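Peer 1: Pasting final23.txt here (compact mmCIF, C-alpha atoms and all ligand atoms):
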```txt
# COMPACT_ATOMS: atom_id res chain seq x y z
CA MET A 16 19.83 -6.33 27.43
CA ALA A 17 19.42 -4.46 24.14
CA GLU A 18 17.84 -1.04 24.23
CA VAL A 19 14.83 -0.88 21.89
CA GLY A 20 14.21 2.50 20.25
CA VAL A 21 14.00 4.64 17.15
CA ASP A 22 17.26 6.59 17.52
CA ILE A 23 19.07 6.37 14.18
CA GLN A 24 22.09 8.31 15.51
CA LYS A 25 22.55 5.83 18.30
CA ALA A 26 22.22 2.89 15.92
CA ALA A 27 24.78 4.49 13.59
CA ALA A 28 27.21 5.09 16.46
CA PHE A 29 27.11 1.44 17.55
CA LEU A 30 27.61 0.28 13.96
CA ARG A 31 30.60 2.64 13.49
CA GLN A 32 32.15 1.10 16.61
CA GLY A 33 31.86 -2.35 15.02
CA GLN A 34 28.91 -3.45 17.14
CA LEU A 35 25.74 -5.10 15.86
CA VAL A 36 22.30 -3.49 15.67
CA ALA A 37 19.00 -5.14 14.74
CA ILE A 38 17.28 -3.18 11.97
CA PRO A 39 13.73 -3.23 10.62
CA THR A 40 13.11 -3.94 6.96
CA GLU A 41 9.88 -4.49 5.04
CA THR A 42 10.58 -8.25 4.95
CA VAL A 43 11.97 -9.31 8.35
CA TYR A 44 14.30 -7.77 10.96
CA GLY A 45 18.01 -8.02 10.14
CA LEU A 46 21.03 -8.42 12.42
CA ALA A 47 23.25 -5.72 10.94
CA GLY A 48 26.97 -5.03 11.06
CA ASN A 49 29.60 -3.19 8.99
CA ALA A 50 29.98 -5.38 5.89
CA LEU A 51 33.56 -4.19 5.31
CA ASP A 52 34.78 -5.01 8.83
CA ILE A 53 35.83 -8.65 9.42
CA LYS A 54 35.28 -8.39 13.17
CA SER A 55 31.69 -7.19 12.78
CA ILE A 56 30.97 -9.91 10.24
CA SER A 57 32.44 -12.60 12.50
CA SER A 58 30.30 -11.44 15.36
CA ILE A 59 27.16 -11.72 13.17
CA PHE A 60 27.97 -15.40 12.57
CA GLU A 61 28.70 -15.95 16.26
CA THR A 62 25.60 -14.14 17.54
CA LYS A 63 23.30 -16.13 15.23
CA ASN A 64 25.19 -19.36 15.73
CA ARG A 65 25.31 -19.48 11.95
CA PRO A 66 27.70 -21.71 10.00
CA SER A 67 30.26 -19.69 8.05
CA PHE A 68 29.31 -21.41 4.76
CA ASP A 69 26.01 -19.50 4.76
CA PRO A 70 26.71 -16.09 3.16
CA LEU A 71 25.20 -12.72 4.12
CA ILE A 72 23.15 -10.14 2.23
CA LEU A 73 24.60 -6.65 1.74
CA HIS A 74 22.17 -3.79 2.38
CA VAL A 75 22.72 -0.42 0.71
CA ALA A 76 20.78 2.88 0.71
CA SER A 77 20.07 3.05 -3.03
CA LEU A 78 20.81 1.51 -6.41
CA ASP A 79 23.61 3.96 -7.21
CA ARG A 80 25.45 2.99 -4.01
CA ILE A 81 26.22 -0.56 -5.15
CA HIS A 82 28.88 0.20 -7.76
CA PRO A 83 31.88 0.10 -5.40
CA PHE A 84 30.94 -3.48 -4.53
CA ILE A 85 30.07 -5.16 -7.85
CA SER A 86 32.30 -5.86 -10.86
CA GLU A 87 29.51 -5.99 -13.46
CA PHE A 88 25.74 -5.55 -13.51
CA PRO A 89 23.97 -8.07 -15.78
CA GLU A 90 21.34 -6.19 -17.77
CA LYS A 91 18.33 -8.24 -16.66
CA LEU A 92 19.26 -7.91 -12.99
CA LYS A 93 19.70 -4.20 -13.42
CA ARG A 94 16.23 -4.00 -14.90
CA LEU A 95 14.85 -5.78 -11.82
CA ALA A 96 16.75 -3.49 -9.45
CA GLU A 97 15.46 -0.38 -11.22
CA ALA A 98 11.89 -1.63 -11.00
CA PHE A 99 11.79 -3.15 -7.51
CA TRP A 100 14.34 -1.40 -5.27
CA PRO A 101 13.81 -0.42 -2.58
CA GLY A 102 11.91 -3.66 -2.04
CA PRO A 103 11.90 -7.37 -1.15
CA LEU A 104 14.36 -8.38 -3.88
CA THR A 105 17.94 -9.62 -3.38
CA LEU A 106 20.24 -9.87 -6.40
CA LEU A 107 23.30 -12.11 -6.72
CA ILE A 108 25.91 -10.04 -8.59
CA PRO A 109 29.64 -10.64 -9.30
CA LYS A 110 31.53 -8.93 -6.50
CA LYS A 111 34.62 -6.76 -6.19
CA SER A 112 37.40 -7.80 -3.83
CA ILE A 113 36.56 -5.01 -1.35
CA ILE A 114 33.80 -7.33 -0.08
CA PRO A 115 35.40 -9.68 2.47
CA ASP A 116 35.20 -13.39 1.56
CA LEU A 117 33.56 -13.97 4.92
CA VAL A 118 30.47 -12.05 3.69
CA THR A 119 30.04 -14.25 0.61
CA SER A 120 31.45 -17.47 2.14
CA GLY A 121 34.10 -17.36 -0.57
CA LEU A 122 31.57 -17.23 -3.45
CA ASP A 123 32.18 -14.96 -6.48
CA ARG A 124 28.78 -13.30 -6.22
CA VAL A 125 27.55 -11.00 -3.50
CA ALA A 126 23.88 -10.83 -2.50
CA VAL A 127 22.67 -7.20 -2.43
CA ARG A 128 19.44 -5.42 -1.71
CA VAL A 129 17.95 -2.00 -0.94
CA PRO A 130 15.44 -2.57 1.88
CA ASN A 131 12.21 -0.61 1.86
CA HIS A 132 11.91 0.76 5.36
CA PRO A 133 12.25 4.48 6.17
CA LEU A 134 14.29 3.96 9.38
CA SER A 135 16.81 1.63 7.81
CA LEU A 136 17.09 3.71 4.65
CA ALA A 137 17.81 6.78 6.77
CA LEU A 138 20.38 4.80 8.76
CA LEU A 139 22.10 3.39 5.65
CA ASP A 140 22.18 6.86 4.13
CA GLN A 141 24.27 8.12 7.06
CA LEU A 142 26.83 5.33 7.01
CA ASP A 143 29.84 5.22 4.73
CA PHE A 144 29.79 1.43 4.65
CA PRO A 145 27.12 -1.11 3.61
CA LEU A 146 25.42 -3.30 6.22
CA ALA A 147 25.62 -7.07 6.12
CA ALA A 148 22.42 -8.39 7.66
CA PRO A 149 20.98 -11.87 7.91
CA SER A 150 17.56 -12.32 9.50
CA ALA A 151 17.85 -11.52 13.23
CA ASN A 152 17.04 -15.00 14.58
CA PRO A 153 19.15 -17.86 15.88
CA PHE A 154 20.18 -20.00 12.88
CA GLY A 155 17.36 -22.27 11.69
CA TYR A 156 14.59 -20.61 13.71
CA ILE A 157 11.69 -18.49 12.44
CA SER A 158 12.62 -15.01 11.16
CA PRO A 159 11.56 -12.07 13.38
CA THR A 160 8.89 -9.68 12.08
CA GLN A 161 8.67 -7.48 15.20
CA ALA A 162 11.27 -5.82 17.43
CA GLY A 163 10.00 -7.92 20.36
CA HIS A 164 10.87 -11.15 18.49
CA VAL A 165 14.48 -9.99 18.20
CA ALA A 166 14.62 -8.84 21.82
CA ALA A 167 13.36 -12.21 23.05
CA GLN A 168 16.08 -14.20 21.31
CA LEU A 169 19.09 -11.96 20.66
CA GLY A 170 18.42 -9.12 23.08
CA ALA A 171 21.08 -10.26 25.53
CA GLN A 172 23.79 -10.23 22.86
CA ILE A 173 23.37 -6.89 21.08
CA PRO A 174 23.28 -3.28 22.33
CA TYR A 175 20.46 -1.84 20.23
CA ILE A 176 17.29 -2.79 18.35
CA LEU A 177 15.93 -0.18 15.97
CA ASP A 178 12.16 -0.53 16.29
CA GLY A 179 10.36 -0.05 13.00
CA GLY A 180 7.14 -1.78 13.99
CA ALA A 181 5.73 -4.93 12.40
CA CYS A 182 7.29 -5.76 9.02
CA ALA A 183 4.90 -4.94 6.17
CA VAL A 184 5.78 -7.88 3.89
CA GLY A 185 6.63 -10.47 6.54
CA LEU A 186 8.53 -12.92 4.29
CA GLU A 187 12.24 -12.73 3.43
CA SER A 188 13.29 -11.20 0.11
CA THR A 189 13.15 -13.11 -3.16
CA ILE A 190 16.72 -14.06 -4.19
CA VAL A 191 17.50 -13.78 -7.92
CA GLY A 192 20.65 -14.36 -9.99
CA MET A 193 21.79 -15.54 -13.43
CA ASP A 194 23.13 -18.99 -14.30
CA GLU A 195 25.94 -19.75 -16.79
CA GLU A 196 23.47 -19.80 -19.70
CA GLU A 197 22.42 -16.24 -18.78
CA GLN A 198 19.04 -17.45 -17.57
CA VAL A 199 17.40 -15.73 -14.63
CA VAL A 200 17.20 -18.08 -11.63
CA ILE A 201 15.12 -17.72 -8.45
CA TYR A 202 17.16 -19.14 -5.54
CA ARG A 203 14.65 -18.32 -2.81
CA LEU A 204 10.94 -17.56 -3.19
CA GLY A 205 10.06 -14.53 -1.13
CA GLY A 206 8.23 -11.25 -0.71
CA LEU A 207 8.46 -10.22 -4.38
CA GLU A 208 6.11 -12.37 -6.46
CA LEU A 209 7.44 -14.49 -9.33
CA SER A 210 4.89 -13.00 -11.73
CA LYS A 211 6.27 -9.50 -11.15
CA ILE A 212 9.79 -10.69 -11.95
CA GLU A 213 8.65 -12.59 -15.05
CA SER A 214 6.73 -9.60 -16.31
CA LEU A 215 10.07 -7.80 -16.67
CA VAL A 216 12.56 -10.49 -17.70
CA GLY A 217 10.45 -13.31 -19.13
CA SER A 218 10.25 -16.81 -17.75
CA VAL A 219 12.67 -17.78 -15.00
CA ILE A 220 14.02 -21.00 -13.49
CA VAL A 221 12.96 -21.69 -9.90
CA GLN A 222 15.71 -23.53 -8.03
CA ALA A 223 14.44 -22.87 -4.58
CA HIS A 224 13.83 -26.41 -3.38
CA SER A 225 17.09 -28.31 -3.72
CA SER A 226 18.50 -29.34 -0.39
CA SER A 227 21.93 -30.85 -1.00
CA ASN A 228 24.89 -28.48 -1.09
CA PRO A 229 22.78 -25.47 -2.10
CA SER A 230 24.32 -22.37 -3.58
CA ALA A 231 21.94 -20.43 -1.30
CA PRO A 232 21.69 -22.20 2.05
CA GLY A 233 18.31 -20.49 2.60
CA GLN A 234 17.32 -23.39 0.37
CA LEU A 235 18.21 -25.88 3.09
CA ALA A 236 15.20 -28.04 3.81
CA SER A 237 14.96 -27.60 7.57
CA HIS A 238 14.91 -23.85 8.04
CA TYR A 239 12.45 -21.31 9.40
CA ALA A 240 11.33 -24.02 11.81
CA PRO A 241 9.45 -23.84 15.11
CA ARG A 242 10.59 -26.16 17.92
CA LYS A 243 7.32 -28.01 18.27
CA PRO A 244 6.21 -30.76 15.92
CA PHE A 245 4.73 -28.98 12.90
CA VAL A 246 2.46 -30.95 10.60
CA LEU A 247 0.86 -29.94 7.30
CA GLY A 248 -2.42 -31.38 6.13
CA ASN A 249 -6.14 -31.03 5.73
CA LEU A 250 -7.28 -29.19 8.86
CA THR A 251 -10.95 -30.17 8.66
CA GLU A 252 -9.81 -33.80 8.92
CA LEU A 253 -6.80 -33.43 11.20
CA VAL A 254 -8.19 -31.14 13.89
CA PRO A 255 -11.16 -33.33 14.98
CA GLN A 256 -8.92 -36.45 14.88
CA LEU A 257 -6.28 -34.89 17.09
CA ILE A 258 -8.82 -33.48 19.52
CA GLN A 259 -10.37 -36.93 19.78
CA GLN A 260 -6.93 -38.38 20.56
CA GLY A 261 -6.73 -35.92 23.45
CA LYS A 262 -3.94 -33.88 21.85
CA GLU A 263 -3.45 -30.23 22.77
CA VAL A 264 -3.30 -29.13 19.17
CA GLY A 265 -2.34 -25.66 17.92
CA VAL A 266 -3.81 -24.66 14.55
CA LEU A 267 -2.43 -22.36 11.86
CA SER A 268 -5.20 -21.93 9.31
CA PHE A 269 -5.49 -19.82 6.20
CA SER A 270 -9.02 -18.52 6.82
CA ASN A 271 -11.10 -20.92 8.94
CA HIS A 272 -11.73 -20.46 12.64
CA PHE A 273 -12.25 -23.65 14.71
CA PRO A 274 -14.83 -22.90 17.43
CA SER A 275 -13.95 -26.12 19.29
CA LEU A 276 -10.40 -24.88 20.01
CA PRO A 277 -9.27 -22.30 22.58
CA SER A 278 -8.43 -19.03 20.86
CA ASP A 279 -4.86 -18.94 22.20
CA ARG A 280 -4.12 -22.14 20.30
CA GLN A 281 -5.19 -21.03 16.84
CA VAL A 282 -4.28 -18.30 14.41
CA VAL A 283 -6.22 -17.43 11.27
CA LEU A 284 -3.82 -15.91 8.75
CA SER A 285 -6.45 -14.02 6.78
CA ALA A 286 -10.20 -14.29 7.34
CA THR A 287 -10.69 -12.67 3.92
CA GLN A 288 -8.21 -15.06 2.22
CA ASN A 289 -5.86 -12.21 1.35
CA LEU A 290 -2.38 -13.64 0.63
CA LYS A 291 -0.61 -10.38 1.41
CA GLU A 292 -2.16 -10.31 4.87
CA ALA A 293 -1.39 -14.02 5.32
CA ALA A 294 2.29 -13.46 4.43
CA GLN A 295 2.53 -10.49 6.79
CA ARG A 296 1.20 -12.58 9.70
CA LEU A 297 2.80 -15.96 8.99
CA PHE A 298 5.98 -15.83 11.12
CA MET A 299 4.23 -14.02 13.99
CA ALA A 300 1.63 -16.81 13.95
CA MET A 301 4.25 -19.57 13.92
CA ARG A 302 6.01 -17.98 16.91
CA LEU A 303 2.78 -17.49 18.84
CA LEU A 304 1.80 -21.13 18.44
CA ASP A 305 5.33 -22.31 19.21
CA GLU A 306 5.15 -20.37 22.49
CA SER A 307 1.58 -21.48 23.32
CA ASP A 308 0.80 -24.55 25.40
CA ALA A 309 0.02 -26.58 22.27
CA GLU A 310 1.99 -29.83 22.08
CA LEU A 311 2.00 -29.83 18.29
CA ILE A 312 1.04 -27.42 15.53
CA VAL A 313 -0.98 -28.33 12.47
CA ALA A 314 -1.14 -26.05 9.45
CA GLU A 315 -2.55 -26.04 5.94
CA PHE A 316 -1.22 -24.82 2.61
CA VAL A 317 -2.56 -21.59 1.16
CA PRO A 318 -3.46 -21.28 -2.56
CA GLU A 319 -0.33 -21.86 -4.68
CA THR A 320 -0.44 -18.50 -6.43
CA GLY A 321 1.26 -15.10 -5.99
CA LEU A 322 2.72 -14.78 -2.47
CA GLY A 323 1.17 -18.18 -1.76
CA LEU A 324 4.21 -19.81 -3.40
CA ALA A 325 6.58 -18.33 -0.83
CA ILE A 326 4.16 -18.91 2.08
CA ASN A 327 3.85 -22.60 1.14
CA ASP A 328 7.63 -22.85 0.76
CA ARG A 329 8.10 -21.60 4.35
CA LEU A 330 5.38 -23.94 5.64
CA ARG A 331 7.10 -26.90 3.95
CA ARG A 332 10.45 -26.02 5.51
CA ALA A 333 8.89 -25.61 8.94
CA GLU A 334 7.46 -29.12 8.83
CA ILE A 335 8.97 -31.62 11.21
CA GLN A 336 7.78 -35.20 10.94
CA PRO A 337 6.70 -35.90 14.52
CA GLY A 338 6.17 -39.63 14.08
CA LEU A 339 2.57 -39.32 15.32
CA ASP A 340 -0.19 -41.61 14.23
CA LEU A 341 -2.49 -39.11 12.60
CA LYS A 342 -4.83 -41.59 10.98
O1 LIG B 1 14.61 -10.27 3.46
C1 LIG B 1 15.77 -10.63 3.63
O2 LIG B 1 16.48 -11.05 2.71
C2 LIG B 1 16.33 -10.53 5.06
C3 LIG B 1 16.43 -9.05 5.43
C4 LIG B 1 17.08 -8.85 6.77
O3 LIG B 1 17.11 -8.37 4.43
N1 LIG B 1 17.58 -11.18 5.14
C5 LIG B 1 17.71 -12.54 5.10
O4 LIG B 1 19.01 -12.97 5.28
O5 LIG B 1 16.77 -13.30 4.94
P1 LIG B 1 19.39 -14.47 5.61
O6 LIG B 1 20.84 -14.43 5.86
O7 LIG B 1 18.54 -14.98 6.68
O8 LIG B 1 19.12 -15.21 4.26
C6 LIG B 1 19.91 -14.85 3.16
C7 LIG B 1 20.03 -15.97 2.19
C8 LIG B 1 20.82 -17.12 2.77
O9 LIG B 1 20.10 -18.31 2.56
C9 LIG B 1 22.09 -17.13 1.98
O10 LIG B 1 22.55 -18.41 1.75
C10 LIG B 1 21.72 -16.45 0.69
O11 LIG B 1 20.78 -15.48 1.09
N2 LIG B 1 22.89 -15.78 0.13
C11 LIG B 1 23.54 -14.72 0.63
N3 LIG B 1 24.62 -14.43 -0.10
C12 LIG B 1 24.65 -15.31 -1.11
C13 LIG B 1 25.54 -15.54 -2.19
N4 LIG B 1 26.62 -14.77 -2.37
N5 LIG B 1 25.29 -16.56 -3.05
C14 LIG B 1 24.19 -17.35 -2.83
N6 LIG B 1 23.32 -17.19 -1.82
C15 LIG B 1 23.55 -16.19 -0.96
MG MG B 2 17.47 -16.25 7.73
```
Please express what this file holds, its structure, as structure tokens.
Peer 2:
Amino acid sequence: MAEVGVDIQKAAAFLRQGQLVAIPTETVYGLAGNALDIKSISSIFETKNRPSFDPLILHVASLDRIHPFISEFPEKLKRLAEAFWPGPLTLLIPKKSIIPDLVTSGLDRVAVRVPNHPLSLALLDQLDFPLAAPSANPFGYISPTQAGHVAAQLGAQIPYILDGGACAVGLESTIVGMDEEEQVVIYRLGGLELSKIESLVGSVIVQAHSSSNPSAPGQLASHYAPRKPFVLGNLTELVPQLIQQGKEVGVLSFSNHFPSLPSDRQVVLSATQNLKEAAQRLFMAMRLLDESDAELIVAEFVPETGLGLAINDRLRRAEIQPGLDLK
């Protein structure tokens, strides 16, 4: 079973030996390994049960540490990096051959970010290699936002979990690149709001919802999903209907509490309707309800603005059509 602690030296030692360590970031916990070592990379794919066509994000300590790994730095992307790193922003940049093809699944661009968490920045600063780190969950499941989430699912397979507390942002990074017409494209909505990106580089193209043969498999429709049936809709209509049908319903609401439901089967994301708080709590809430004795989970969209865009994107991907008669 993984040791859980805050010992950066220990984490660094495991990583230098080619082993994997779970690391905290401001977005979600990552399953990290030496990005320049094929064996470490392979074991990331194995541990997560992740298909090898789904490439990994490179994590570095600071902006000036990326130059050995990229062959050019498009001006608009550089502007974004200067403004938002360290932070919840991943950039797709043409790579140098030192990055193993396994990291990028054979693609020409490598995904890079500087995470904003003091423990992981201190760890990266000590290492003479970058860390490849996907979210530290089994492929397709909800991303972990606490050390305990990682321990519960991957604890038996890795030696160490660096515990940085609950992730402050709670949603994965926003993934940004350029297309052939030099337009800025958003490949995954995430913890950095669209409006902040557009304020620096003008209007962008959002390509985050296509599901066939995506260039970023984080775009795949069924992702971030709980195991229980997960239904989106109008809670004030759905909840009474389901209770009347005798269903043990679990409720994920934006701000309303349902007094008729037991408290261990409902989570309010933000009583004050604060989207930042809702984002921070979303994955924890999905896990809690998935582990509760609810037989299905119903949830509602949050306002489609700011971080609400990324929250609603994750809710949509978590939805599983249960084939229930909800009318
Ligand atoms: O916030 C985050 O980004 C977290 C933390 C740990 O940094 N990481 C994360 O990694 O969410 P992961 O592997 O769960 O999602 C990364 C997404 C994947 O959907 C992958 O397809 C896409 O990034 N990606 C990685 N490299 C890419 C590349 N070269 N071209 C296109 N998409 C890429
Ligand atoms: Mg992931």
Peer 1: Could you give me, as a list in words, every polymer residue with an atom at most 7 Å away from an atom of ligand MG 2 (chain B), counting only C-alpha atoms and all ligand atoms?
Peer 2: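 Sorted by chain and then by number, the residues are Pro149, Ser150, Asn152, Phe154, Ser158 and Gly233 of chain A.
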Peer 1: Would you mind listing what lies within 12 Å of Arg124 of chain A as a ChimeraX atom specification, with all atoms listed in the file counted and same-chain residues fewer than 4 positions away left out?
Peer 2: /A:70-73,84-89,105-112,114-116,118-120,191-194,230-231
Peer 1: Next, the residues of the selection above should be written as a PDB file, in the frame of the given file with C-alpha atoms.
Peer 2:
```pdb
ATOM      1  CA  PRO A  70      26.710 -16.090   3.160  1.00  0.00           C
ATOM      2  CA  LEU A  71      25.200 -12.720   4.120  1.00  0.00           C
ATOM      3  CA  ILE A  72      23.150 -10.140   2.230  1.00  0.00           C
ATOM      4  CA  LEU A  73      24.600  -6.650   1.740  1.00  0.00           C
ATOM      5  CA  PHE A  84      30.940  -3.480  -4.530  1.00  0.00           C
ATOM      6  CA  ILE A  85      30.070  -5.160  -7.850  1.00  0.00           C
ATOM      7  CA  SER A  86      32.300  -5.860 -10.860  1.00  0.00           C
ATOM      8  CA  GLU A  87      29.510  -5.990 -13.460  1.00  0.00           C
ATOM      9  CA  PHE A  88      25.740  -5.550 -13.510  1.00  0.00           C
ATOM     10  CA  PRO A  89      23.970  -8.070 -15.780  1.00  0.00           C
ATOM     11  CA  THR A 105      17.940  -9.620  -3.380  1.00  0.00           C
ATOM     12  CA  LEU A 106      20.240  -9.870  -6.400  1.00  0.00           C
ATOM     13  CA  LEU A 107      23.300 -12.110  -6.720  1.00  0.00           C
ATOM     14  CA  ILE A 108      25.910 -10.040  -8.590  1.00  0.00           C
ATOM     15  CA  PRO A 109      29.640 -10.640  -9.300  1.00  0.00           C
ATOM     16  CA  LYS A 110      31.530  -8.930  -6.500  1.00  0.00           C
ATOM     17  CA  LYS A 111      34.620  -6.760  -6.190  1.00  0.00           C
ATOM     18  CA  SER A 112      37.400  -7.800  -3.830  1.00  0.00           C
ATOM     19  CA  ILE A 114      33.800  -7.330  -0.080  1.00  0.00           C
ATOM     20  CA  PRO A 115      35.400  -9.680   2.470  1.00  0.00           C
ATOM     21  CA  ASP A 116      35.200 -13.390   1.560  1.00  0.00           C
ATOM     22  CA  VAL A 118      30.470 -12.050   3.690  1.00  0.00           C
ATOM     23  CA  THR A 119      30.040 -14.250   0.610  1.00  0.00           C
ATOM     24  CA  SER A 120      31.450 -17.470   2.140  1.00  0.00           C
ATOM     25  CA  VAL A 191      17.500 -13.780  -7.920  1.00  0.00           C
ATOM     26  CA  GLY A 192      20.650 -14.360  -9.990  1.00  0.00           C
ATOM     27  CA  MET A 193      21.790 -15.540 -13.430  1.00  0.00           C
ATOM     28  CA  ASP A 194      23.130 -18.990 -14.300  1.00  0.00           C
ATOM     29  CA  SER A 230      24.320 -22.370  -3.580  1.00  0.00           C
ATOM     30  CA  ALA A 231      21.940 -20.430  -1.300  1.00  0.00           C
TER      31      ALA A 231
END
```
Peer 1: Could you produce a table of the residues of segment 296-328 of chain A lying within 10 Å of segment 263-277 of chain A, with the nearest pair of atoms per residue and their separation in Å rounded to one decimal, using all atoms listed in the file, ordered by chain and increasing residue number, as a Markdown table?
Peer 2:
```
| residue | atom | partner | partner_atom | distance |
| --- | --- | --- | --- | --- |
| A:Leu297 | CA | A:Leu267 | CA | 8.7 |
| A:Ala300 | CA | A:Leu267 | CA | 7.2 |
| A:Met301 | CA | A:Leu267 | CA | 7.5 |
| A:Leu303 | CA | A:Gly265 | CA | 9.7 |
| A:Leu304 | CA | A:Gly265 | CA | 6.2 |
| A:Asp305 | CA | A:Gly265 | CA | 8.5 |
| A:Ser307 | CA | A:Gly265 | CA | 7.9 |
| A:Asp308 | CA | A:Glu263 | CA | 7.6 |
| A:Ala309 | CA | A:Gly265 | CA | 5.0 |
| A:Glu310 | CA | A:Glu263 | CA | 5.5 |
| A:Leu311 | CA | A:Val264 | CA | 5.4 |
| A:Ile312 | CA | A:Gly265 | CA | 4.5 |
| A:Val313 | CA | A:Val266 | CA | 5.1 |
| A:Ala314 | CA | A:Leu267 | CA | 4.6 |
| A:Glu315 | CA | A:Ser268 | CA | 5.9 |
| A:Phe316 | CA | A:Phe269 | CA | 7.5 |
| A:Val317 | CA | A:Phe269 | CA | 6.1 |
| A:Pro318 | CA | A:Phe269 | CA | 9.1 |
```
Peer 1: Just the number, please: distance in Å from atom CA of Asp143 of chain A to atom N3 of ligand LIG 1 (chain B), one decimal.
Peer 2: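 Those two atoms sit 20.9 Å apart.
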Peer 1: Using all atoms listed in the file, which of the listed residues (A:Gln256, A:Ser58, A:Asn327, A:Thr42) sits closest to ligand LIG 1 (chain B)?
Peer 2: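 With all atoms listed in the file as the atom set, the closest residue is A:Thr42.
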Peer 1: Can you work out which one of A:Ile258, A:Ile81, A:Ala151, A:Val184 has the shortest atom-to-atom distance to Gln168 of chain A, counting all atoms listed in the file?
Peer 2: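 Once distances to Gln168 of chain A are computed over all atoms listed in the file, the minimum belongs to A:Ala151.
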Peer 1: Measuring atom to atom with all atoms listed in the file, identify which of A:Leu78, A:Leu322, A:Leu330, A:Val219 is nearest to Phe245 of chain A.
Peer 2: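 Using all atoms listed in the file, the shortest distance to Phe245 of chain A belongs to A:Leu330.
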Peer 1: Which is closer to Ala28 of chain A than all the others in A:Lys243, A:Asn49, A:Ala167, A:Arg296, using only C-alpha atoms?
Peer 2: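 Ranked by minimum distance to Ala28 of chain A, first place goes to A:Asn49.
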Peer 1: Would you kindly return, as a list in words, each protein, DNA or RNA residue with an atom no farther than 9 Å from any atom of Pro130 of chain A, considering all atoms listed in the file and excluding same-chain residues fewer than 3 positions away?
Peer 2: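 My list of contacting residues is Pro39, Thr40, Glu41, Thr42, His74, Val75, Ala76, Ser77, Trp100, Pro101, Gly102, Pro103, Leu104, Pro133, Ser135 and Leu136 of chain A.
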Peer 1: Around all of ligand LIG 1 (chain B)'s listed atoms, make the axis-aligned box with 5 Å on each side and tell me centre and edge lengths in Å to one decimal, as lines of an AutoDock Vina configuration file.
Peer 2:
```
center_x = 20.6
center_y = -13.4
center_z = 1.9
size_x = 22.0
size_y = 20.0
size_z = 19.8
```
Peer 1: Go through A:Thr160, A:Asn249, A:Thr287, A:Gln259 one by one, measure the shortest atom-to-atom distance of each to ligand LIG 1 (chain B) using only C-alpha atoms and all ligand atoms, and give the residue with the smallest value.
Peer 2: A:Thr160
Peer 1: Which of these residues is nearest to Ala333 of chain A, using all atoms listed in the file: A:Gly248, A:Gly45, A:Gly217, A:Gly155?
Peer 2: A:Gly155
Peer 1: What separation in Å, quoted to one decimal, exists between atom CA of Ala37 of chain A and atom CA of Lys25 of chain A?
Peer 2: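 We find that atom CA of Ala37 of chain A and atom CA of Lys25 of chain A lie 12.1 Å from each other.
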Peer 1: What does the distance between atom O11 of ligand LIG 1 (chain B) and atom CA of Gln141 of chain A come to in Å, to one decimal place?
Peer 2: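 Here the two named atoms are 24.6 Å from each other.
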Peer 1: Lys91 of chain A: which residues within 9 Å, counting all atoms listed in the file, same-chain residues fewer than 6 positions away excluded, as a VMD selection string?
Peer 2: chain A and resid 193 199 215 to 216
Peer 1: Taking 5 positions as the minimum chain separation for residues in the same chain, which residues sit within 7 Å of Glu187 of chain A when counting all atoms listed in the file? Answer as an MDAnalysis selection string.
Peer 2: chainID A and resid 42:43 205:206
Peer 1: Please list, as a ChimeraX atom specification, the residues that have an atom at most 10 Å away from (9.0, -9.0, 18.1) in the coordinates of this file, counting only C-alpha atoms.
Peer 2: /A:44,158-168,178,180-182,299,302
